[in-house]
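Peer 1: For reference, this is data_31.cif, and it has mmCIF, C-alpha atoms.
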```cif
data_final
loop_
_atom_site.label_atom_id
_atom_site.label_comp_id
_atom_site.auth_asym_id
_atom_site.auth_seq_id
_atom_site.Cartn_x
_atom_site.Cartn_y
_atom_site.Cartn_z
CA ALA A 17 -180.27 -44.30 -101.67
CA GLY A 18 -182.39 -42.53 -99.09
CA GLU A 19 -185.60 -44.01 -100.49
CA LYS A 20 -184.14 -47.52 -100.71
CA ALA A 21 -182.82 -47.24 -97.15
CA GLY A 22 -186.40 -46.77 -96.00
CA ILE A 23 -186.91 -50.54 -96.13
CA ILE A 24 -184.26 -51.19 -93.47
CA LYS A 25 -185.74 -52.53 -90.22
CA LYS A 26 -184.35 -52.33 -86.72
CA GLY A 27 -181.83 -55.07 -86.01
CA CYS A 28 -182.30 -56.67 -89.44
CA PRO A 29 -179.08 -57.51 -91.34
CA VAL A 30 -178.53 -55.50 -94.53
CA TYR A 31 -176.57 -56.75 -97.56
CA ALA A 32 -175.79 -53.99 -100.04
CA TYR A 33 -174.06 -53.68 -103.40
CA ALA A 34 -170.79 -51.82 -102.77
CA PRO A 35 -171.53 -48.34 -104.17
CA GLU A 36 -167.96 -47.93 -105.40
CA ASP A 37 -168.51 -50.86 -107.78
CA ALA A 38 -171.77 -49.52 -109.19
CA LEU A 39 -171.88 -47.63 -112.49
CA ILE A 40 -172.36 -44.26 -110.79
CA SER A 41 -170.09 -41.32 -110.08
CA ASP A 42 -167.64 -41.35 -107.17
CA GLU A 43 -169.67 -38.58 -105.56
CA ASP A 44 -172.93 -40.53 -105.81
CA ALA A 45 -171.19 -43.66 -104.50
CA SER A 46 -169.90 -41.77 -101.48
CA VAL A 47 -173.34 -40.35 -100.74
CA ALA A 48 -175.00 -43.77 -101.11
CA ARG A 49 -172.53 -45.41 -98.73
CA GLU A 50 -172.98 -42.65 -96.17
CA VAL A 51 -176.79 -42.84 -96.30
CA LEU A 52 -176.79 -46.61 -95.81
CA GLU A 53 -174.22 -46.51 -93.02
CA LYS A 54 -176.10 -43.81 -91.12
CA GLN A 55 -179.48 -45.53 -91.45
CA CYS A 56 -178.08 -48.91 -90.40
CA ALA A 57 -176.29 -47.37 -87.41
CA LYS A 58 -179.50 -45.60 -86.40
CA LEU A 59 -181.46 -48.86 -86.48
CA SER A 60 -178.67 -51.11 -85.14
CA ALA A 61 -178.84 -53.10 -88.38
CA PRO A 62 -175.64 -55.01 -89.28
CA LEU A 63 -174.45 -53.81 -92.69
CA SER A 64 -172.34 -55.74 -95.20
CA PHE A 65 -171.20 -54.31 -98.52
CA ILE A 66 -170.47 -56.82 -101.31
CA GLY A 67 -168.54 -56.00 -104.47
CA TYR A 68 -166.07 -57.24 -107.06
CA GLY A 69 -163.37 -57.67 -104.43
CA ASP A 70 -165.39 -60.40 -102.71
CA PHE A 71 -165.04 -63.01 -105.45
CA GLU A 72 -162.69 -64.29 -108.13
CA LEU A 73 -164.09 -64.71 -111.63
CA LEU A 74 -163.08 -68.11 -113.05
CA SER A 75 -164.80 -68.00 -116.43
CA HIS A 76 -167.21 -65.78 -118.34
CA ASP A 77 -168.81 -66.59 -121.69
CA PHE A 78 -172.24 -66.83 -123.29
CA THR A 79 -173.10 -69.90 -121.20
CA GLY A 80 -172.69 -68.00 -117.93
CA GLN A 81 -170.12 -67.25 -115.26
CA ARG A 82 -168.17 -69.31 -112.76
CA PHE A 83 -166.81 -67.54 -109.72
CA LYS A 84 -165.56 -68.35 -106.27
CA THR A 85 -165.18 -66.85 -102.83
CA THR A 86 -162.85 -68.02 -100.08
CA LYS A 87 -165.58 -70.46 -99.03
CA ALA A 88 -167.34 -71.79 -102.13
CA GLU A 89 -167.54 -71.89 -105.92
CA TYR A 90 -170.67 -70.90 -107.85
CA HIS A 91 -172.06 -70.98 -111.39
CA THR A 92 -174.69 -68.61 -112.76
CA LYS A 93 -176.26 -68.64 -116.20
CA MET A 94 -176.70 -64.88 -116.08
CA LEU A 95 -174.17 -62.96 -118.14
CA ALA A 96 -173.83 -59.42 -116.84
CA PRO A 97 -170.57 -58.82 -114.93
CA TYR A 98 -172.45 -57.54 -111.88
CA GLN A 99 -174.60 -60.66 -111.48
CA PRO A 100 -172.09 -62.46 -109.19
CA ILE A 101 -172.45 -59.54 -106.76
CA TYR A 102 -176.22 -59.93 -106.70
CA ALA A 103 -175.81 -63.68 -106.29
CA LEU A 104 -173.42 -63.28 -103.36
CA MET A 105 -175.71 -60.78 -101.65
CA ALA A 106 -178.54 -63.32 -101.78
CA ALA A 107 -176.24 -66.18 -100.80
CA GLN A 108 -174.84 -64.36 -97.78
CA ALA A 109 -178.31 -63.37 -96.60
CA ALA A 110 -179.62 -66.93 -96.95
CA LEU A 111 -176.61 -68.51 -95.23
CA ASP A 112 -176.34 -66.00 -92.38
CA THR A 113 -180.02 -66.32 -91.54
CA LYS A 114 -179.95 -70.11 -92.07
CA LEU A 115 -182.77 -69.93 -94.60
CA ALA A 116 -180.84 -72.33 -96.83
CA ASP A 117 -177.71 -74.46 -96.76
CA GLU A 118 -174.74 -74.08 -99.10
CA GLN A 119 -175.92 -76.71 -101.58
CA ALA A 120 -179.37 -75.14 -101.88
CA VAL A 121 -177.78 -71.73 -102.40
CA LYS A 122 -175.51 -73.07 -105.16
CA GLN A 123 -178.44 -74.71 -106.92
CA GLY A 124 -180.56 -71.57 -106.60
CA ILE A 125 -177.85 -69.42 -108.16
CA LEU A 126 -177.44 -71.95 -110.99
CA ASP A 127 -181.19 -72.17 -111.66
CA CYS A 128 -181.85 -68.43 -111.55
CA THR A 129 -182.73 -66.75 -114.86
CA TRP A 130 -183.90 -63.23 -115.70
CA PRO A 131 -185.70 -62.74 -119.02
CA ALA A 132 -184.43 -59.83 -121.14
CA ARG A 133 -181.45 -59.27 -118.86
CA MET A 134 -178.42 -60.11 -120.99
CA GLU A 135 -180.43 -63.06 -122.31
CA VAL A 136 -179.29 -65.13 -125.28
CA ILE A 137 -182.52 -65.70 -127.22
CA LEU A 138 -180.94 -67.12 -130.39
CA GLU A 139 -177.65 -68.96 -130.75
CA ASP A 140 -176.77 -68.90 -134.47
CA PRO A 141 -176.16 -66.08 -134.86
CA THR A 142 -175.96 -65.06 -131.24
CA VAL A 143 -178.80 -62.68 -130.41
CA LEU A 144 -178.56 -61.00 -127.03
CA LEU A 145 -181.57 -59.22 -125.54
CA ASP A 146 -181.13 -56.72 -122.73
CA GLY A 147 -183.76 -54.56 -121.10
CA ALA A 148 -181.37 -51.61 -120.64
CA HIS A 149 -183.65 -48.57 -120.78
CA ASN A 150 -181.64 -45.89 -118.99
CA LEU A 151 -178.08 -44.61 -118.93
CA GLN A 152 -176.93 -46.88 -116.11
CA GLY A 153 -178.37 -49.90 -117.87
CA CYS A 154 -176.61 -48.98 -121.12
CA LEU A 155 -173.31 -48.52 -119.30
CA GLY A 156 -173.79 -51.99 -117.84
CA LEU A 157 -174.53 -53.42 -121.28
CA ARG A 158 -171.44 -51.72 -122.68
CA LYS A 159 -169.30 -53.35 -119.98
CA SER A 160 -170.90 -56.73 -120.62
CA LEU A 161 -170.36 -56.57 -124.38
CA ALA A 162 -166.75 -55.51 -123.93
CA GLU A 163 -166.13 -58.64 -121.85
CA LEU A 164 -168.15 -61.11 -123.93
CA SER A 165 -167.96 -60.16 -127.59
CA GLY A 166 -164.24 -60.64 -128.11
CA ARG A 167 -163.47 -59.91 -131.76
CA THR A 168 -167.02 -60.59 -132.91
CA PRO A 169 -168.61 -57.47 -134.44
CA ILE A 170 -171.95 -56.31 -133.05
CA VAL A 171 -175.14 -55.43 -134.91
CA PHE A 172 -177.20 -53.26 -132.60
CA VAL A 173 -180.99 -53.10 -132.68
CA LEU A 174 -181.94 -50.06 -130.61
CA GLY A 175 -185.28 -48.50 -129.76
CA PHE A 176 -185.94 -45.85 -127.12
CA LEU A 177 -188.77 -43.85 -125.64
CA GLU A 178 -188.68 -40.13 -126.39
CA ASP A 179 -188.64 -39.14 -122.69
CA LYS A 180 -185.47 -41.11 -121.95
CA GLU A 181 -181.87 -39.86 -122.15
CA HIS A 182 -181.52 -41.41 -125.58
CA ARG A 183 -178.55 -39.31 -126.65
CA LYS A 184 -176.51 -40.27 -123.58
CA MET A 185 -177.62 -43.90 -123.95
CA LEU A 186 -176.50 -43.98 -127.59
CA GLU A 187 -173.18 -42.43 -126.63
CA ALA A 188 -172.69 -45.08 -123.93
CA LEU A 189 -173.26 -47.92 -126.39
CA LEU A 190 -171.69 -46.58 -129.58
CA VAL A 191 -168.86 -44.14 -128.89
CA ASP A 192 -165.23 -45.07 -128.04
CA THR A 193 -166.13 -48.69 -127.37
CA ASP A 194 -163.86 -51.67 -126.79
CA TYR A 195 -165.91 -53.73 -129.25
CA LYS A 196 -166.38 -53.47 -133.02
CA ILE A 197 -169.74 -52.25 -134.29
CA ALA A 198 -170.90 -53.62 -137.64
CA ALA A 199 -174.32 -51.97 -137.86
CA VAL A 200 -176.86 -49.88 -135.98
CA VAL A 201 -180.48 -50.72 -136.76
CA GLY A 202 -182.89 -48.22 -135.30
CA THR A 203 -186.47 -49.14 -134.51
CA GLU A 204 -189.40 -48.01 -132.37
CA PRO A 205 -191.15 -49.50 -129.33
CA GLN A 206 -194.83 -49.66 -130.18
CA ASP A 207 -195.79 -46.93 -127.71
CA GLU A 208 -196.98 -43.37 -128.25
CA ARG A 209 -193.86 -42.10 -126.44
CA ARG A 210 -191.54 -43.76 -128.95
CA PHE A 211 -188.41 -42.07 -130.24
CA HIS A 212 -188.69 -42.32 -134.01
CA ALA A 213 -186.32 -44.76 -135.67
CA GLU A 214 -185.07 -42.30 -138.29
CA ASP A 215 -184.24 -39.76 -135.59
CA LEU A 216 -182.42 -42.44 -133.59
CA VAL A 217 -180.24 -43.39 -136.55
CA ARG A 218 -179.54 -39.74 -137.36
CA GLU A 219 -178.47 -39.12 -133.77
CA ALA A 220 -176.31 -42.27 -133.73
CA GLN A 221 -174.51 -41.19 -136.93
CA GLU A 222 -173.91 -37.73 -135.50
CA LEU A 223 -172.48 -39.12 -132.25
CA MET A 224 -170.24 -41.69 -133.91
CA GLY A 225 -168.81 -39.29 -136.46
CA ASP A 226 -165.66 -40.72 -138.05
CA GLN A 227 -166.01 -43.86 -135.89
CA GLY A 228 -169.11 -44.73 -137.90
CA GLU A 229 -167.52 -44.61 -141.34
CA GLU A 230 -167.61 -48.40 -141.76
CA VAL A 231 -170.86 -48.89 -139.81
CA LEU A 232 -174.12 -49.60 -141.61
CA PHE A 233 -177.05 -47.50 -140.37
CA GLN A 234 -180.65 -48.49 -141.09
CA SER A 235 -184.07 -47.82 -139.60
CA PHE A 236 -187.32 -49.79 -139.41
CA THR A 237 -190.46 -48.67 -137.61
CA ASP A 238 -191.52 -52.27 -137.00
CA PRO A 239 -189.27 -54.01 -134.41
CA LYS A 240 -189.79 -57.40 -136.06
CA ASP A 241 -188.49 -56.04 -139.37
CA ALA A 242 -185.52 -54.50 -137.54
CA VAL A 243 -184.63 -57.75 -135.82
CA THR A 244 -185.07 -59.79 -139.00
CA ARG A 245 -182.71 -57.44 -140.84
CA ALA A 246 -180.19 -57.50 -137.97
CA ILE A 247 -180.09 -61.30 -137.96
CA LEU A 248 -179.45 -61.34 -141.71
CA LEU A 249 -176.69 -58.75 -141.31
CA ALA A 250 -175.10 -60.74 -138.49
CA GLY A 251 -175.01 -63.82 -140.71
CA GLU A 252 -173.42 -61.87 -143.56
CA ARG A 253 -170.79 -60.21 -141.36
CA ASP A 254 -169.99 -62.99 -138.90
CA ALA A 255 -171.43 -60.78 -136.19
CA MET A 256 -173.72 -61.03 -133.18
CA VAL A 257 -176.89 -59.06 -132.47
CA ALA A 258 -177.52 -56.96 -129.36
CA ILE A 259 -181.06 -55.64 -128.80
CA ALA A 260 -181.64 -52.94 -126.20
CA GLY A 261 -183.16 -49.59 -125.31
CA SER A 262 -186.61 -50.28 -123.91
CA LEU A 263 -188.51 -52.87 -121.91
CA TYR A 264 -191.40 -52.30 -124.32
CA LEU A 265 -189.09 -53.25 -127.18
CA ALA A 266 -187.83 -56.29 -125.28
CA GLY A 267 -191.39 -57.46 -124.67
CA GLU A 268 -192.20 -57.18 -128.36
CA VAL A 269 -189.17 -58.89 -129.86
CA ARG A 270 -188.51 -61.64 -127.32
CA PRO A 271 -191.41 -63.93 -128.32
CA PHE A 272 -190.73 -63.22 -132.01
CA VAL A 273 -187.07 -64.27 -131.87
CA ARG A 274 -187.83 -67.26 -129.66
CA SER A 275 -190.38 -68.41 -132.24
CA LEU A 276 -187.65 -68.21 -134.89
CA ASN A 277 -185.46 -70.37 -132.67
CA ARG A 278 -188.21 -72.96 -132.21
CA ALA A 279 -188.89 -73.06 -135.94
CA LYS A 280 -185.19 -73.52 -136.65
CA ASN A 281 -184.87 -76.35 -134.12
CA ALA A 282 -187.94 -78.08 -135.54
CA ARG A 283 -186.38 -78.38 -139.00
#
```
Transcribe the structure of this file into structure tokens.

Peer 2:
Amino acid sequence: AGEKAGIIKKGCPVYAYAPEDALISDEDASVAREVLEKQCAKLSAPLSFIGYGDFELLSHDFTGQRFKTTKAEYHTKMLAPYQPIYALMAAQAALDTKLADEQAVKQGILDCTWPARMEVILEDPTVLLDGAHNLQGCLGLRKSLAELSGRTPIVFVLGFLEDKEHRKMLEALLVDTDYKIAAVVGTEPQDERRFHAEDLVREAQELMGDQGEEVLFQSFTDPKDAVTRAILLAGERDAMVAIAGSLYLAGEVRPFVRSLNRAKNAR
């Protein structure tokens, strides 16, 4: 928070994500709020916190989210539950500074996309690609899947770098979840720091314990093979696919899956 607060300029309005609504501890949230409040007071910069209490969610599915404030209704194609907060931060900044009118803001929020951020890259079966590559990102993905998947089982394709908190990330995605897990397919980002797929699957099995009795575990060193297998499994089990763990992995599989989608649509 201290480093991010360094960008604050004297007299310049600040719009911040309410720390209490972030996927961090209560202690960290309290510290973040205090740092921002002190820095803004020091620089006479008006500070507004925006969080889940500032909007009402009207709908949320794989096509996007509709939400409203006391003043307007918005639609975003982005799927993560926290995206309306980001959208409202940008909207409030644009409207308060008169950089855009309400209609332009609504259109901007509708048009905004973010590759590999809860992105649906194939529709039948549903294949969701997320760039979650740290614990906070995996907690966000867990929350998103709990809201979106319903009763549809999930086939995970996961690949991490060795120097990341891969055990905690696996625990966040696989243990005591509100969604059903059909399979865990481990793979490897094509980087020298990769966490080996077999080790990933072994760690996932250990963490899941009895919860993994009906879960299929497989590993493939090549991400394309892992994704191909996951798509086949999803078709067999009426499931969806969620790919996550590394931006390197996302960069490798995104064009591959999109090419499958184009080939399918061309038939």

Peer 1: Could you state which residues are captured by the PyMOL selection byres ((chain A and resi 75-79) around 9) in this file, as a list in words?

Peer 2: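 This file gives the following for the PyMOL selection byres ((chain A and resi 75-79) around 9): Leu73, Leu74, Gly80, Gln81, Arg82, Phe83, Thr92, Lys93, Met94, Leu95, Pro97, Val136, Thr142, Glu163, Leu164 and Ser165 of chain A.
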
Peer 1: Applied to this file, what does the PyMOL selection byres ((chain A and resi 57) around 12) return in terms of residues, put as a PDB file with C-alpha atoms, keeping the file's coordinate frame?

Peer 2:
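Output (result_16.pdb):
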```
ATOM      1  CA  ALA A  21    -182.820 -47.240 -97.150  1.00  0.00           C
ATOM      2  CA  ILE A  24    -184.260 -51.190 -93.470  1.00  0.00           C
ATOM      3  CA  LYS A  25    -185.740 -52.530 -90.220  1.00  0.00           C
ATOM      4  CA  LYS A  26    -184.350 -52.330 -86.720  1.00  0.00           C
ATOM      5  CA  GLY A  27    -181.830 -55.070 -86.010  1.00  0.00           C
ATOM      6  CA  CYS A  28    -182.300 -56.670 -89.440  1.00  0.00           C
ATOM      7  CA  PRO A  29    -179.080 -57.510 -91.340  1.00  0.00           C
ATOM      8  CA  VAL A  30    -178.530 -55.500 -94.530  1.00  0.00           C
ATOM      9  CA  GLU A  50    -172.980 -42.650 -96.170  1.00  0.00           C
ATOM     10  CA  VAL A  51    -176.790 -42.840 -96.300  1.00  0.00           C
ATOM     11  CA  LEU A  52    -176.790 -46.610 -95.810  1.00  0.00           C
ATOM     12  CA  GLU A  53    -174.220 -46.510 -93.020  1.00  0.00           C
ATOM     13  CA  LYS A  54    -176.100 -43.810 -91.120  1.00  0.00           C
ATOM     14  CA  GLN A  55    -179.480 -45.530 -91.450  1.00  0.00           C
ATOM     15  CA  CYS A  56    -178.080 -48.910 -90.400  1.00  0.00           C
ATOM     16  CA  LYS A  58    -179.500 -45.600 -86.400  1.00  0.00           C
ATOM     17  CA  LEU A  59    -181.460 -48.860 -86.480  1.00  0.00           C
ATOM     18  CA  SER A  60    -178.670 -51.110 -85.140  1.00  0.00           C
ATOM     19  CA  ALA A  61    -178.840 -53.100 -88.380  1.00  0.00           C
ATOM     20  CA  PRO A  62    -175.640 -55.010 -89.280  1.00  0.00           C
ATOM     21  CA  LEU A  63    -174.450 -53.810 -92.690  1.00  0.00           C
TER      22      LEU A  63
END
```

Peer 1: Would you list the contacts of Thr237 (chain A) as number ranges by chain, taking every protein, DNA or RNA residue within 7 Å and counting all atoms listed in the file, but skipping same-chain residues closer than 3 positions in sequence?

Peer 2: A: 203-204, 213

Peer 1: Residues of region 136-156 of chain A that approach region 176-188 of chain A to 9 Å or less, counting all atoms listed in the file: could you list each one with the shortest pair of atoms and its distance in Å to one decimal, rows by chain and increasing residue number, as a tab-separated table?

Peer 2:
```
residue	atom	partner	partner_atom	distance
A:His149	CA	A:Phe176	CA	7.3
A:Asn150	CA	A:Met185	CA	6.7
A:Leu151	CA	A:Met185	CA	5.1
A:Gln152	CA	A:Met185	CA	8.4
A:Gly153	CA	A:Met185	CA	8.6
A:Cys154	CA	A:Met185	CA	5.9
A:Leu155	CA	A:Ala188	CA	5.8
```

Peer 1: Record the distance separating CA of Tyr68 (chain A) and CA of Thr86 (chain A), expressed in Å with one decimal.

Peer 2: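 These atoms are spaced 13.2 Å apart.
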
Peer 1: Applied to this file, what does the PyMOL selection byres ((chain A and resi 126) around 9) return in terms of residues, put as a PyMOL selection string?

Peer 2: chain A and resi 90-94+121-125+127-129

Peer 1: With distances taken over only C-alpha atoms, which of A:Ala220, A:Ile66, A:Leu276, A:Ile197 is nearest to Arg49 (chain A)?

Peer 2: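 Smallest distance to Arg49 (chain A) is found for A:Ile66.
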
Peer 1: What does the distance from CA of Ile137 (chain A) to CA of Val231 (chain A) come to in Å, to one decimal?

Peer 2: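 CA of Val231 (chain A) lies at a distance of 24.0 Å from CA of Ile137 (chain A).
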
Peer 1: Rounded to one decimal, what separation in Å do you get between CA of Tyr98 (chain A) and CA of Asp254 (chain A)?

Peer 2: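 CA of Asp254 (chain A) lies at a distance of 27.7 Å from CA of Tyr98 (chain A).
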
Peer 1: Of the candidates A:Ser262, A:Thr113, A:Thr168, A:Ser41, which shows the shortest atom-to-atom distance to Phe211 (chain A), using all atoms listed in the file?

Peer 2: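 Of A:Ser262, A:Thr113, A:Thr168, A:Ser41, the one nearest Phe211 (chain A) is A:Ser262, counting all atoms listed in the file.
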
Peer 1: Could you check the closest approach to Glu230 (chain A) for each of A:Ile40, A:Leu145, A:Ala32, A:Ala199 and tell me which residue wins, using only C-alpha atoms?

Peer 2: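 Closest to Glu230 (chain A) of all the choices is A:Ala199.
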
Peer 1: Nearest to Leu190 (chain A): which of A:Ala246, A:Leu174, A:Ala103, A:Ala88 is it, counting only C-alpha atoms?

Peer 2: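 The answer is A:Leu174, which sits nearest to Leu190 (chain A).
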
Peer 1: From the set A:Gly22, A:Pro35, A:Gly69, A:Pro141, which residue has the shortest atom-to-atom contact distance to Thr244 (chain A), counting only C-alpha atoms?

Peer 2: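 Checking each candidate against Thr244 (chain A), we get A:Pro141 as the closest.
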
Peer 1: Since the input lacks some atoms of region 155-180 of chain A, please model N, CA and C atoms and print them as a tab-separated table (two decimals), in the coordinates of the input.

Peer 2:
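In the end it all went to selection-v5.tsv:
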```
chain	number	residue	atom	x	y	z
A	155	LEU	N	-174.71	-48.40	-119.72
A	155	LEU	CA	-173.31	-48.52	-119.30
A	155	LEU	C	-173.00	-49.95	-118.89
A	156	GLY	N	-173.96	-50.59	-118.21
A	156	GLY	CA	-173.79	-51.99	-117.84
A	156	GLY	C	-173.71	-52.89	-119.06
A	157	LEU	N	-174.56	-52.63	-120.05
A	157	LEU	CA	-174.53	-53.42	-121.28
A	157	LEU	C	-173.21	-53.22	-122.01
A	158	ARG	N	-172.73	-52.00	-122.05
A	158	ARG	CA	-171.44	-51.72	-122.68
A	158	ARG	C	-170.33	-52.55	-122.03
A	159	LYS	N	-170.32	-52.58	-120.71
A	159	LYS	CA	-169.30	-53.35	-119.98
A	159	LYS	C	-169.43	-54.84	-120.29
A	160	SER	N	-170.66	-55.31	-120.33
A	160	SER	CA	-170.90	-56.73	-120.62
A	160	SER	C	-170.42	-57.11	-122.02
A	161	LEU	N	-170.76	-56.28	-123.00
A	161	LEU	CA	-170.36	-56.57	-124.38
A	161	LEU	C	-168.85	-56.52	-124.55
A	162	ALA	N	-168.21	-55.60	-123.85
A	162	ALA	CA	-166.75	-55.51	-123.93
A	162	ALA	C	-166.10	-56.79	-123.43
A	163	GLU	N	-166.70	-57.42	-122.42
A	163	GLU	CA	-166.13	-58.64	-121.85
A	163	GLU	C	-166.47	-59.88	-122.67
A	164	LEU	N	-167.64	-59.88	-123.31
A	164	LEU	CA	-168.15	-61.11	-123.93
A	164	LEU	C	-167.92	-61.21	-125.43
A	165	SER	N	-167.92	-60.09	-126.13
A	165	SER	CA	-167.96	-60.16	-127.59
A	165	SER	C	-166.63	-60.56	-128.22
A	166	GLY	N	-165.53	-60.33	-127.52
A	166	GLY	CA	-164.24	-60.64	-128.11
A	166	GLY	C	-164.03	-59.86	-129.40
A	167	ARG	N	-163.68	-60.57	-130.46
A	167	ARG	CA	-163.47	-59.91	-131.76
A	167	ARG	C	-164.71	-59.96	-132.64
A	168	THR	N	-165.80	-60.48	-132.12
A	168	THR	CA	-167.02	-60.59	-132.91
A	168	THR	C	-167.70	-59.23	-133.04
A	169	PRO	N	-167.93	-58.76	-134.26
A	169	PRO	CA	-168.61	-57.47	-134.44
A	169	PRO	C	-170.05	-57.54	-133.93
A	170	ILE	N	-170.61	-56.38	-133.62
A	170	ILE	CA	-171.95	-56.31	-133.05
A	170	ILE	C	-172.88	-55.55	-133.98
A	171	VAL	N	-174.05	-56.12	-134.24
A	171	VAL	CA	-175.14	-55.43	-134.91
A	171	VAL	C	-176.14	-55.03	-133.82
A	172	PHE	N	-176.28	-53.74	-133.61
A	172	PHE	CA	-177.20	-53.26	-132.60
A	172	PHE	C	-178.59	-53.07	-133.19
A	173	VAL	N	-179.61	-53.48	-132.42
A	173	VAL	CA	-180.99	-53.10	-132.68
A	173	VAL	C	-181.42	-52.26	-131.48
A	174	LEU	N	-181.68	-50.98	-131.71
A	174	LEU	CA	-181.94	-50.06	-130.61
A	174	LEU	C	-183.27	-49.35	-130.82
A	175	GLY	N	-184.02	-49.24	-129.73
A	175	GLY	CA	-185.28	-48.50	-129.76
A	175	GLY	C	-185.52	-47.88	-128.41
A	176	PHE	N	-185.80	-46.58	-128.38
A	176	PHE	CA	-185.94	-45.85	-127.12
A	176	PHE	C	-187.31	-45.16	-127.04
A	177	LEU	N	-187.65	-44.75	-125.84
A	177	LEU	CA	-188.77	-43.85	-125.64
A	177	LEU	C	-188.25	-42.42	-125.70
A	178	GLU	N	-189.08	-41.52	-126.20
A	178	GLU	CA	-188.68	-40.13	-126.39
A	178	GLU	C	-188.27	-39.45	-125.10
A	179	ASP	N	-188.90	-39.84	-123.96
A	179	ASP	CA	-188.64	-39.14	-122.69
A	179	ASP	C	-187.43	-39.70	-121.94
A	180	LYS	N	-186.69	-40.59	-122.56
A	180	LYS	CA	-185.47	-41.11	-121.95
A	180	LYS	C	-184.25	-40.32	-122.43
```
